[in-house]
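K.L.:
For reference, this is query19.txt, and it has compact mmCIF, C-alpha atoms.
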```txt
# COMPACT_ATOMS: atom_id res chain seq x y z
CA MET A 27 97.48 87.52 61.40
CA ARG A 28 99.99 90.32 61.51
CA ARG A 29 98.99 93.59 60.02
CA SER A 30 101.59 95.41 57.99
CA GLU A 31 100.01 98.72 57.13
CA CYS A 32 102.42 101.32 55.89
CA PRO A 33 102.20 104.84 57.37
CA ARG A 34 102.45 106.32 53.87
CA GLU A 35 99.21 104.70 52.69
CA ALA A 36 97.19 107.79 53.54
CA GLY A 37 99.34 109.95 51.28
CA LEU A 38 99.13 107.39 48.51
CA LEU A 39 95.34 107.24 48.78
CA GLU A 40 95.11 111.00 48.64
CA ALA A 41 97.25 111.06 45.50
CA LEU A 42 95.10 108.34 43.96
CA ARG A 43 91.82 110.08 44.75
CA SER A 44 92.99 113.47 43.59
CA GLY A 45 94.04 112.00 40.25
CA ALA A 46 97.65 112.98 40.83
CA TRP A 47 98.85 109.38 40.82
CA PRO A 48 101.24 108.46 39.34
CA GLU A 49 102.55 111.31 37.18
CA GLY A 50 101.59 114.17 39.46
CA ALA A 51 102.66 112.47 42.68
CA PRO A 52 105.85 113.45 44.49
CA GLY A 53 108.88 111.49 43.37
CA ASP A 54 109.62 110.17 46.84
CA LEU A 55 106.11 108.72 47.10
CA ARG A 56 106.49 106.99 43.76
CA GLY A 57 109.83 105.64 44.81
CA HIS A 58 108.37 104.44 48.10
CA VAL A 59 105.48 102.65 46.40
CA GLU A 60 107.91 100.83 44.14
CA ARG A 61 109.76 99.50 47.17
CA CYS A 62 106.86 99.00 49.64
CA ALA A 63 104.83 95.82 49.08
CA SER A 64 101.89 97.07 51.12
CA CYS A 65 101.63 100.38 49.27
CA GLY A 66 102.14 98.63 45.93
CA ALA A 67 99.28 96.26 46.71
CA LEU A 68 97.11 99.14 47.84
CA ALA A 69 97.78 101.12 44.67
CA ALA A 70 96.92 98.06 42.57
CA LEU A 71 93.57 97.64 44.40
CA ALA A 72 92.56 101.20 45.05
CA ALA A 73 93.32 102.74 41.66
CA PRO A 74 90.79 100.60 39.73
CA LEU A 75 88.27 100.99 42.58
CA ILE A 76 88.53 104.75 42.33
CA ASP A 77 88.24 104.62 38.53
CA ASP A 78 85.22 102.38 38.91
CA TYR A 79 83.66 104.80 41.37
CA HIS A 80 84.16 107.77 39.05
CA ALA A 81 82.75 105.81 36.11
CA LEU A 82 79.69 104.67 38.07
CA ALA A 83 79.03 108.10 39.55
CA ARG A 84 79.43 109.74 36.14
CA ASP A 85 77.06 107.34 34.40
CA ALA A 86 74.52 107.16 37.23
CA ALA A 87 71.06 107.98 35.91
CA VAL A 88 69.76 109.52 39.12
CA PRO A 89 66.53 111.50 39.05
CA SER A 90 66.78 115.27 39.33
CA SER A 91 66.54 116.76 42.80
CA SER A 92 63.21 118.44 42.06
CA PHE A 93 61.69 115.21 40.74
CA MET A 94 63.00 113.26 43.72
CA TRP A 95 61.61 115.87 46.13
CA TRP A 96 58.22 115.71 44.43
CA ARG A 97 58.15 111.90 44.62
CA LEU A 98 59.20 111.86 48.26
CA GLN A 99 56.55 114.40 49.18
CA LEU A 100 53.91 112.47 47.29
CA ARG A 101 54.83 109.32 49.09
CA ALA A 102 54.88 111.02 52.48
CA ARG A 103 51.40 112.45 51.88
CA ARG A 104 50.04 109.12 50.73
CA GLU A 105 51.42 107.28 53.73
CA ALA A 106 50.16 109.97 56.11
CA ALA A 107 46.70 109.74 54.58
CA GLU A 108 46.73 105.97 54.96
CA LEU A 109 47.81 106.40 58.57
CA ALA A 110 44.98 108.86 59.22
CA MET A 111 42.47 106.47 57.66
CA ARG A 112 43.36 103.64 60.00
CA PRO A 113 40.93 104.61 62.81
CA ILE A 114 38.08 104.77 60.30
CA THR A 115 38.95 101.38 58.90
CA ALA A 116 39.09 100.01 62.43
CA ALA A 117 35.68 101.53 63.21
CA GLN A 118 34.24 99.99 60.07
CA GLY A 119 35.60 96.63 61.06
CA LEU A 120 34.13 96.97 64.53
CA ALA A 121 30.75 98.00 63.13
CA LEU A 122 30.65 95.07 60.77
CA ALA A 123 31.75 92.68 63.50
CA GLY A 124 29.03 94.08 65.77
CA ALA A 125 26.42 93.67 63.06
CA VAL A 126 27.43 90.10 62.42
CA GLY A 127 27.37 89.36 66.16
CA LEU A 128 23.93 90.88 66.56
CA LEU A 129 22.56 88.98 63.59
CA GLY A 130 23.98 85.81 65.09
CA ALA A 131 22.25 86.56 68.39
CA LEU A 132 18.99 87.27 66.60
CA PHE A 133 19.27 84.02 64.73
CA ALA A 134 19.86 82.15 67.97
CA VAL A 135 16.71 83.72 69.47
CA PHE A 136 14.54 83.10 66.48
CA ALA A 137 15.86 79.73 65.35
CA PRO A 138 13.48 77.56 67.44
CA ARG A 139 10.50 79.60 66.32
CA THR A 140 11.46 79.56 62.67
CA ALA A 141 11.82 75.80 62.87
CA ARG A 142 8.33 75.59 64.23
CA LEU A 143 7.10 77.95 61.50
CA ALA A 144 8.79 75.80 58.89
CA SER A 145 6.99 72.75 60.12
CA TRP A 146 3.76 74.68 60.01
CA LEU A 147 4.53 75.78 56.49
CA GLY A 148 5.21 72.16 55.65
CA VAL A 149 1.74 71.37 56.78
CA LEU A 150 0.53 74.21 54.58
CA GLY A 151 2.41 72.74 51.69
CA ASP A 152 0.38 69.59 52.00
CA GLY A 153 -2.61 71.63 50.99
CA ALA A 154 -4.25 71.87 54.39
CA ALA A 155 -5.84 75.22 53.68
CA SER A 156 -8.03 74.98 56.67
CA ALA A 157 -5.04 74.49 59.00
CA LEU A 158 -3.56 77.79 57.75
CA ALA A 159 -6.35 79.79 59.19
CA ALA A 160 -6.01 77.98 62.51
CA LEU A 161 -2.21 78.05 62.83
CA LEU A 162 -1.13 81.38 61.32
CA PRO A 163 -2.66 83.67 63.90
CA SER A 164 -1.02 81.81 66.78
CA ALA A 165 2.36 81.73 64.98
CA SER A 166 2.14 85.43 64.26
CA ALA A 167 1.25 86.13 67.83
CA GLN A 168 4.34 84.24 69.03
CA LEU A 169 6.66 85.99 66.56
CA LEU A 170 5.24 89.40 67.29
CA SER A 171 5.76 89.29 71.04
CA PRO A 172 7.22 92.67 72.32
CA GLY A 173 10.78 91.39 72.84
CA ALA A 174 11.01 89.61 69.52
CA LEU A 175 9.52 92.59 67.70
CA ALA A 176 12.15 94.94 69.18
CA LEU A 177 14.96 92.62 68.19
CA GLY A 178 13.59 92.27 64.69
CA MET A 179 13.31 96.00 64.25
CA THR A 180 16.85 96.52 65.53
CA ALA A 181 18.18 93.98 63.07
CA ALA A 182 16.31 95.59 60.19
CA LEU A 183 17.52 99.04 61.19
CA LEU A 184 21.09 97.78 61.47
CA LEU A 185 20.91 96.26 58.03
CA VAL A 186 19.97 99.67 56.67
CA VAL A 187 22.24 101.84 58.82
CA VAL A 188 25.50 99.85 58.48
CA PRO A 189 25.71 100.04 54.67
CA VAL A 190 24.83 103.75 54.78
CA ALA A 191 27.50 104.40 57.43
CA VAL A 192 30.08 102.44 55.43
CA TYR A 193 29.14 104.37 52.30
CA LEU A 194 29.43 107.75 54.02
CA ALA A 195 32.76 106.82 55.54
CA LEU A 196 34.26 105.66 52.29
CA SER A 197 32.84 108.26 49.95
CA ASP A 198 34.69 111.47 49.13
CA ARG A 199 33.58 114.75 50.59
CA MET B 248 30.80 128.81 70.73
CA ARG B 249 33.23 128.12 67.94
CA ASP B 250 33.01 130.14 64.77
CA VAL B 251 34.50 127.47 62.57
CA THR B 252 33.40 123.88 62.65
CA VAL B 253 36.16 121.49 61.72
CA SER B 254 34.76 118.29 60.34
CA ASP B 255 36.29 114.94 61.02
CA ILE B 256 37.57 114.79 57.47
CA GLU B 257 39.26 118.16 57.86
CA ARG B 258 40.85 117.01 61.09
CA LEU B 259 42.08 113.90 59.32
CA ASP B 260 43.53 116.04 56.55
CA ALA B 261 45.29 118.22 59.09
CA ALA B 262 46.73 115.16 60.82
CA ALA B 263 47.84 113.77 57.47
CA GLU B 264 49.49 117.06 56.59
CA ARG B 265 51.37 117.07 59.88
CA ASP B 266 52.45 113.44 59.47
CA ALA B 267 53.53 114.07 55.88
CA ALA B 268 56.09 116.66 56.94
CA LEU B 269 59.63 115.82 55.80
CA ALA B 270 62.70 116.49 57.89
CA MET B 271 64.24 119.00 55.46
CA ASP B 272 62.95 121.87 53.44
CA GLU B 273 63.10 121.65 49.68
CA ASP B 274 66.09 123.94 49.14
CA ALA B 275 68.22 122.18 51.74
CA PHE B 276 67.23 118.81 50.37
CA ARG B 277 68.10 119.77 46.83
CA VAL B 278 71.59 120.94 47.80
CA PHE B 279 72.17 117.81 49.89
CA TYR B 280 70.83 115.56 47.13
CA GLU B 281 72.99 117.15 44.46
CA HIS B 282 76.07 116.43 46.57
CA THR B 283 75.20 112.92 47.62
CA SER B 284 72.96 111.21 45.06
CA ARG B 285 75.59 110.07 42.56
CA PRO B 286 78.08 108.75 45.12
CA LEU B 287 75.22 107.08 46.95
CA TRP B 288 73.90 105.49 43.77
CA ALA B 289 77.39 104.19 42.98
CA TYR B 290 77.64 102.77 46.50
CA LEU B 291 74.24 101.10 46.22
CA ALA B 292 75.10 99.69 42.81
CA ARG B 293 78.41 98.29 43.93
CA LEU B 294 77.14 96.99 47.26
CA SER B 295 74.01 95.35 45.88
CA GLY B 296 75.68 94.35 42.64
CA SER B 297 72.67 95.56 40.71
CA ARG B 298 71.85 98.80 38.95
CA THR B 299 68.16 97.99 39.19
CA ASP B 300 68.40 97.60 42.94
CA ALA B 301 70.40 100.81 43.15
CA ASP B 302 67.63 102.66 41.30
CA ASP B 303 64.99 101.25 43.66
CA LEU B 304 66.92 101.80 46.83
CA LEU B 305 68.03 105.34 46.08
CA GLN B 306 64.58 106.79 46.61
CA GLU B 307 63.92 104.53 49.59
CA THR B 308 67.14 105.68 51.24
CA TYR B 309 66.31 109.38 50.91
CA TYR B 310 62.74 108.75 52.01
CA ARG B 311 63.84 107.06 55.20
CA LEU B 312 66.34 109.82 55.85
CA LEU B 313 63.67 112.48 55.51
CA ARG B 314 61.23 110.57 57.69
CA ALA B 315 63.80 109.85 60.40
CA ARG B 316 63.00 111.46 63.70
CA MET B 317 66.56 112.58 64.21
CA ARG B 318 68.36 115.84 64.66
CA PHE B 319 71.48 116.09 62.55
CA GLY B 320 74.31 118.31 63.67
CA ASP B 321 75.51 118.96 60.14
CA ASP B 322 75.50 117.53 56.64
CA ASP B 323 78.35 115.14 57.45
CA HIS B 324 76.27 113.58 60.18
CA ARG B 325 73.31 113.43 57.82
CA ARG B 326 75.46 111.84 55.10
CA ARG B 327 76.77 109.16 57.47
CA TYR B 328 73.22 108.33 58.45
CA LEU B 329 72.27 108.20 54.78
CA TYR B 330 74.90 105.53 54.21
CA THR B 331 73.77 103.63 57.28
CA ILE B 332 70.27 103.49 55.84
CA ALA B 333 71.59 102.49 52.43
CA THR B 334 73.72 99.69 53.86
CA ASN B 335 70.85 98.33 55.92
CA LEU B 336 68.50 98.44 52.95
CA VAL B 337 70.90 96.45 50.77
CA LEU B 338 71.49 93.88 53.51
CA ASP B 339 67.76 93.61 54.25
CA ARG B 340 66.97 93.09 50.61
CA ARG B 341 69.60 90.41 50.40
CA ARG B 342 68.22 88.66 53.50
CA ARG B 343 64.67 88.78 52.14
CA ARG B 344 65.78 87.17 48.91
CA LEU B 345 67.61 84.47 50.81
CA THR B 346 64.54 83.66 52.90
CA ARG B 347 62.29 83.60 49.83
CA PRO B 348 64.30 81.53 47.38
CA GLU B 349 61.24 80.87 45.25
CA LEU B 350 61.35 84.46 44.06
CA PRO B 351 63.28 85.02 40.87
CA MET B 352 66.58 86.80 41.40
CA THR B 353 65.98 89.18 38.50
CA GLY B 354 68.13 92.22 38.87
CA SER B 355 69.75 90.95 41.99
CA ALA B 356 72.47 89.02 40.31
CA ASP B 357 75.67 90.94 40.19
CA ASP B 358 74.71 92.64 37.00
CA VAL B 359 76.98 95.57 37.62
CA ALA B 360 79.92 93.21 37.45
CA ALA B 361 78.35 90.89 34.91
CA GLY B 362 78.04 93.61 32.32
CA GLU B 363 81.41 92.73 30.95
CA SER B 364 81.58 89.65 28.77
CA GLY B 365 84.08 86.90 29.34
CA ALA B 366 85.62 87.55 25.96
CA GLU B 367 86.44 91.10 26.92
CA ALA B 368 89.97 91.81 27.96
CA LEU B 369 90.32 91.66 31.70
CA ASP B 370 91.54 95.16 32.39
CA ASN B 371 92.12 96.22 35.94
CA GLN B 372 88.73 97.83 36.34
CA THR B 373 86.91 94.77 35.05
CA VAL B 374 88.90 92.52 37.32
CA ILE B 375 88.17 94.66 40.35
CA ARG B 376 84.44 94.74 39.55
CA ARG B 377 84.24 91.02 39.28
CA ALA B 378 86.35 90.49 42.35
CA MET B 379 84.22 92.90 44.39
CA ALA B 380 81.10 91.02 43.32
CA ARG B 381 82.56 87.90 44.89
CA LEU B 382 83.21 89.44 48.28
CA LYS B 383 80.84 89.57 51.21
CA ARG B 384 78.76 92.68 51.20
CA ARG B 385 80.34 93.92 54.40
CA ASP B 386 83.77 93.69 52.79
CA ARG B 387 82.49 95.41 49.68
CA ALA B 388 81.09 98.24 51.74
CA LEU B 389 84.31 98.64 53.70
CA LEU B 390 86.54 98.68 50.63
CA TRP B 391 84.24 100.92 48.65
CA LEU B 392 83.78 103.50 51.35
CA ALA B 393 87.45 103.54 52.30
CA TYR B 394 89.12 103.51 48.93
CA ALA B 395 86.58 104.51 46.29
CA GLN B 396 84.85 107.21 48.30
CA GLY B 397 87.64 108.13 50.64
CA ALA B 398 85.66 107.88 53.87
CA SER B 399 87.55 108.03 57.15
CA HIS B 400 87.48 105.12 59.57
CA ASP B 401 85.12 107.08 61.81
CA GLU B 402 82.75 107.68 58.92
CA ILE B 403 82.89 104.04 57.87
CA GLY B 404 82.25 102.93 61.43
CA ALA B 405 79.26 105.22 61.73
CA SER B 406 77.87 104.17 58.35
CA LEU B 407 78.26 100.44 58.87
CA GLY B 408 77.51 100.30 62.58
CA LEU B 409 81.05 99.25 63.48
CA LYS B 410 83.44 100.51 66.10
CA SER B 411 85.95 102.84 64.54
CA ALA B 412 88.75 100.89 66.19
CA SER B 413 87.63 97.71 64.41
CA VAL B 414 87.41 99.30 61.00
CA ARG B 415 91.15 99.35 60.44
CA SER B 416 91.63 95.62 61.00
CA MET B 417 88.43 94.68 59.16
CA LEU B 418 89.49 96.81 56.24
CA PHE B 419 92.87 95.19 56.19
CA ARG B 420 91.31 91.73 56.13
CA ALA B 421 88.86 92.77 53.41
CA ARG B 422 91.79 94.01 51.36
CA ARG B 423 93.55 90.70 51.73
CA ARG B 424 90.43 88.83 50.69
CA LEU B 425 90.03 91.05 47.64
CA ALA B 426 93.65 90.49 46.70
CA GLY B 427 93.08 86.75 47.14
CA VAL B 428 90.04 86.74 44.88
CA ILE B 429 91.90 88.75 42.24
CA GLY B 430 94.82 86.35 42.46
CA GLY B 431 92.43 83.44 42.00
CA MET B 432 90.80 85.10 39.00
CA ARG B 433 94.12 85.80 37.36
CA THR B 434 95.15 82.19 37.75
CA GLY B 435 91.81 81.03 36.38
CA GLY B 436 90.21 79.90 39.66
CA GLY B 437 88.12 82.65 41.11
CA ALA B 438 86.36 80.79 43.88
CA ARG B 439 83.50 82.82 45.26
CA ALA B 440 84.53 84.35 48.54
CA ALA B 441 81.12 84.99 49.94
CA GLU B 442 77.35 84.52 49.97
```
Would you mind giving the structure from this file in C-alpha cells?
P.N.:
Amino acid sequence: MRRSECPREAGLLEALRSGAWPEGAPGDLRGHVERCASCGALAALAAPLIDDYHALARDAAVPSSSFMWWRLQLRARREAAELAMRPITAAQGLALAGAVGLLGALFAVFAPRTARLASWLGVLGDGAASALAALLPSASAQLLSPGALALGMTAALLLVVVPVAVYLALSDR
Amino acid sequence: MRDVTVSDIERLDAAAERDAALAMDEDAFRVFYEHTSRPLWAYLARLSGSRTDADDLLQETYYRLLRARMRFGDDDHRRRYLYTIATNLVLDRRRRRLTRPELPMTGSADDVAAGESGAEALDNQTVIRRAMARLKRRDRALLWLAYAQGASHDEIGASLGLKSASVRSMLFRARRRLAGVIGGMRTGGGARAAE
C-alpha cells in the first residue's frame, strides 16, 4: 500500500484543533485542501473527531480533584492495611493447620483404645453392672498412662488457646 | 532499654502507612488531575465505547499512576504513562469480557455511539461516533490520540507501546479503515471492521 500523506496535514490539523478552520484559516490552506484529496479526507475525518472530543470532554461528569484524591487515598490505605494483615492471616492458617494435625495425631494414638473402651461400654450397656467395676479401673489405668495423659492435656490446652489466639488477633485494639 | 514499646499492631499500622503513600502530593495531583481528567475520560469513553466503563476506569487509571514505582521527568512523561495505563485497562477489560462470555455485557456495548437513535439525522459527528465504534480499539486509540487530542507520534507511541516510527503508517491505515467504514455506512452497509 502506498502512503500519500500530504506535508500540509500538520498545518491543517493545527487549524482544525485551534478552531480556526475553515473561516479563520489562511486562504492558501483552504485552497490547498480543496485541491488535495488527502487533506480533504483528513479534514472530513478529523473535524468531527475534534468536535466529538470537545463535546465529550465538556460533558464529562468527572469527580472533583479533591474527591478523587480522597478516594484514592482511602483505597491506598485500605490496600496497605490488607497487605499488612497478610502475615497475621498466614499465621492463623498455620496455627489452625497445626491444631488440626495435632488432633489427627491424637486421634490416631487413641483410636485403638477408644475402640476397646467402646466395646467395654457395650458390655456395660447390656446391664453387666458387675463387669463395670472390674473393667473400668483397668481401662482408666491404660488411658491415664503418662504419655497419653500428656497428649490429652496438650490437646485440651490447644483447644482453649487457639480460639483465644484467633480472637486476640482478629479483635480491634 | 527502650523508652517506648511499639506493639505489633502499631508496627503494622506504620507499615500500612508507608505502603499507603501515593506518588504525588495532593496539590500536585490536583493540578495534574484538573488538566488531564476530562481529556482522559473522553479517551476512555471513546476507546471503551462506554461511559460507564469510562467512569470506572478513570479512578483506576489515576490509582495505578499514583501507585506506580516510577520517577517521572515531567508532567508530559506522567501524562503519557497515564494514557498507557488507560489503554491497557480498556484492553484488559475487553479481554476479560471475551474470556467470560457468560457475563452480561451491560455497559460494555458501544453505548457512547449507540446514544443516537437510527431515526436521528446522520450528521458528521454521529457518523464518526458510529464508525469509530466499529473500528478495532487500537485504531480507535490511534485516531483519537492523533486527531482528537492532537498527540504527537512520539506521544502516541509511548502511550500505546508502539515504536514512534510505526505510528505514522499505522495511523494512515487506521484512517483508511475509518474512511472505509464511513463509506460503508453512507451506502447503507456498515460492516463491522473489528472485534
K.L.:
Report the closest atom pair, with its distance in Å rounded to one decimal, for each residue of chain B that has an atom no farther than 9 Å from chain A; count only C-alpha atoms, sort by chain and then rising residue number, and write it as a Markdown table.
P.N.:
```
| residue | atom | partner | partner_atom | distance |
| --- | --- | --- | --- | --- |
| B:Ile256 | CA | A:Arg199 | CA | 8.0 |
| B:Leu259 | CA | A:Ala110 | CA | 5.8 |
| B:Asp260 | CA | A:Ala107 | CA | 7.3 |
| B:Ala262 | CA | A:Ala110 | CA | 6.7 |
| B:Ala263 | CA | A:Ala106 | CA | 4.7 |
| B:Glu264 | CA | A:Arg103 | CA | 6.9 |
| B:Arg265 | CA | A:Ala106 | CA | 8.1 |
| B:Asp266 | CA | A:Ala106 | CA | 5.3 |
| B:Ala267 | CA | A:Ala102 | CA | 4.8 |
| B:Ala268 | CA | A:Ala102 | CA | 7.3 |
| B:Leu269 | CA | A:Gln99 | CA | 7.4 |
| B:Glu273 | CA | A:Trp95 | CA | 6.9 |
| B:Phe276 | CA | A:Trp95 | CA | 7.6 |
| B:Arg277 | CA | A:Ser91 | CA | 5.3 |
| B:Val278 | CA | A:Ser91 | CA | 8.2 |
| B:Tyr280 | CA | A:Ser91 | CA | 6.2 |
| B:Glu281 | CA | A:Ser91 | CA | 6.7 |
| B:Ser284 | CA | A:Val88 | CA | 7.0 |
| B:Arg285 | CA | A:Ala83 | CA | 5.0 |
| B:Pro286 | CA | A:Ala83 | CA | 5.7 |
| B:Leu287 | CA | A:Ala83 | CA | 8.4 |
| B:Trp288 | CA | A:Ala86 | CA | 6.8 |
| B:Ala289 | CA | A:Leu82 | CA | 5.4 |
| B:Tyr290 | CA | A:Tyr79 | CA | 8.2 |
| B:Ala292 | CA | A:Leu82 | CA | 8.3 |
| B:Arg293 | CA | A:Tyr79 | CA | 8.7 |
| B:Arg298 | CA | A:Ala86 | CA | 8.9 |
| B:Asp302 | CA | A:Val88 | CA | 7.5 |
| B:Leu305 | CA | A:Val88 | CA | 8.3 |
| B:Gln306 | CA | A:Met94 | CA | 7.3 |
| B:Glu307 | CA | A:Leu98 | CA | 8.8 |
| B:Tyr309 | CA | A:Leu98 | CA | 8.0 |
| B:Tyr310 | CA | A:Leu98 | CA | 6.0 |
| B:Leu313 | CA | A:Leu98 | CA | 8.5 |
| B:Arg314 | CA | A:Ala102 | CA | 8.2 |
| B:Asn371 | CA | A:Pro74 | CA | 5.9 |
| B:Gln372 | CA | A:Pro74 | CA | 4.8 |
| B:Thr373 | CA | A:Pro74 | CA | 8.4 |
| B:Val374 | CA | A:Pro74 | CA | 8.6 |
| B:Ile375 | CA | A:Pro74 | CA | 6.5 |
| B:Arg376 | CA | A:Asp78 | CA | 7.7 |
| B:Leu390 | CA | A:Leu75 | CA | 8.6 |
| B:Trp391 | CA | A:Leu75 | CA | 7.3 |
| B:Tyr394 | CA | A:Ala72 | CA | 5.7 |
| B:Ala395 | CA | A:Ile76 | CA | 4.4 |
| B:Gln396 | CA | A:Ile76 | CA | 7.4 |
| B:Gly397 | CA | A:Arg43 | CA | 7.5 |
| B:Ser416 | CA | A:Arg29 | CA | 7.7 |
| B:Phe419 | CA | A:Arg29 | CA | 7.4 |
| B:Arg420 | CA | A:Arg29 | CA | 8.8 |
| B:Arg422 | CA | A:Leu71 | CA | 8.0 |
| B:Leu425 | CA | A:Leu71 | CA | 8.2 |
| B:Ala426 | CA | A:Leu71 | CA | 7.5 |
```
K.L.:
Just give me the gap between CA of His324 in chain B and CA of Phe279 in chain B in Å, one decimal is fine.
P.N.:
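Spanning CA of His324 in chain B to CA of Phe279 in chain B is a straight-line distance of 11.9 Å.
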K.L.:
At a cut-off of 12 Å, using all atoms listed in the file, what residues contact Gly127 in chain A? Leave out same-chain residues fewer than 6 positions from it and give the result as a compact mmCIF listing (two decimals) with C-alpha atoms, keeping the file's coordinate frame.
P.N.:
```
# COMPACT_ATOMS: atom_id res chain seq x y z
CA LEU A 120 34.13 96.97 64.53
CA ALA A 121 30.75 98.00 63.13
CA PHE A 133 19.27 84.02 64.73
CA ALA A 134 19.86 82.15 67.97
CA ALA A 181 18.18 93.98 63.07
CA LEU A 184 21.09 97.78 61.47
```
K.L.:
Kindly compute an axis-aligned box around the listed atoms of range 121-137 of chain A, allowing 6 Å on each side, and express its centre and edge lengths in Å to one decimal as JSON.
P.N.:
```
{"center_x": 23.1, "center_y": 88.9, "center_z": 65.1, "size_x": 29.2, "size_y": 30.3, "size_z": 20.7}
```
K.L.:
If I take CA of Thr115 in chain A and CA of Arg311 in chain B, how far is one from the other in Å, to one decimal?
P.N.:
25.8 Å
K.L.:
Quick one: pull the distance between CA of Pro138 in chain A and CA of Leu185 in chain A, Å, one decimal.
P.N.:
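These atoms are spaced 22.2 Å apart.
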K.L.:
Which residues are near Val337 in chain B? Cut-off 9 Å, all atoms listed in the file, ignore same chain within fewer than 2 positions. Put them as an mmCIF file with C-alpha atoms, keeping the file's coordinate frame.
P.N.:
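Output below, filename part33.cif:
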```cif
data_model
loop_
_atom_site.group_PDB
_atom_site.id
_atom_site.type_symbol
_atom_site.label_atom_id
_atom_site.label_comp_id
_atom_site.auth_asym_id
_atom_site.auth_seq_id
_atom_site.Cartn_x
_atom_site.Cartn_y
_atom_site.Cartn_z
ATOM 1 C CA LEU B 291 74.240 101.100 46.220
ATOM 2 C CA LEU B 294 77.140 96.990 47.260
ATOM 3 C CA SER B 295 74.010 95.350 45.880
ATOM 4 C CA ASP B 300 68.400 97.600 42.940
ATOM 5 C CA ALA B 301 70.400 100.810 43.150
ATOM 6 C CA LEU B 304 66.920 101.800 46.830
ATOM 7 C CA ILE B 332 70.270 103.490 55.840
ATOM 8 C CA ALA B 333 71.590 102.490 52.430
ATOM 9 C CA THR B 334 73.720 99.690 53.860
ATOM 10 C CA ASN B 335 70.850 98.330 55.920
ATOM 11 C CA ASP B 339 67.760 93.610 54.250
ATOM 12 C CA ARG B 340 66.970 93.090 50.610
ATOM 13 C CA ARG B 341 69.600 90.410 50.400
ATOM 14 C CA ARG B 342 68.220 88.660 53.500
ATOM 15 C CA ARG B 384 78.760 92.680 51.200
#
```
K.L.:
Which is closer to Leu382 in chain B than all the others in B:Leu312, B:Ala421, B:Leu329, B:Leu336, using only C-alpha atoms?
P.N.:
B:Ala421
K.L.:
Identify which of the residues A:Leu55, A:Leu122, A:Cys62, A:Leu129 lies closest to Val188 in chain A, counting all atoms listed in the file when measuring atom-to-atom distances.
P.N.:
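Going through A:Leu55, A:Leu122, A:Cys62, A:Leu129 one by one, the smallest distance to Val188 in chain A is for A:Leu122.
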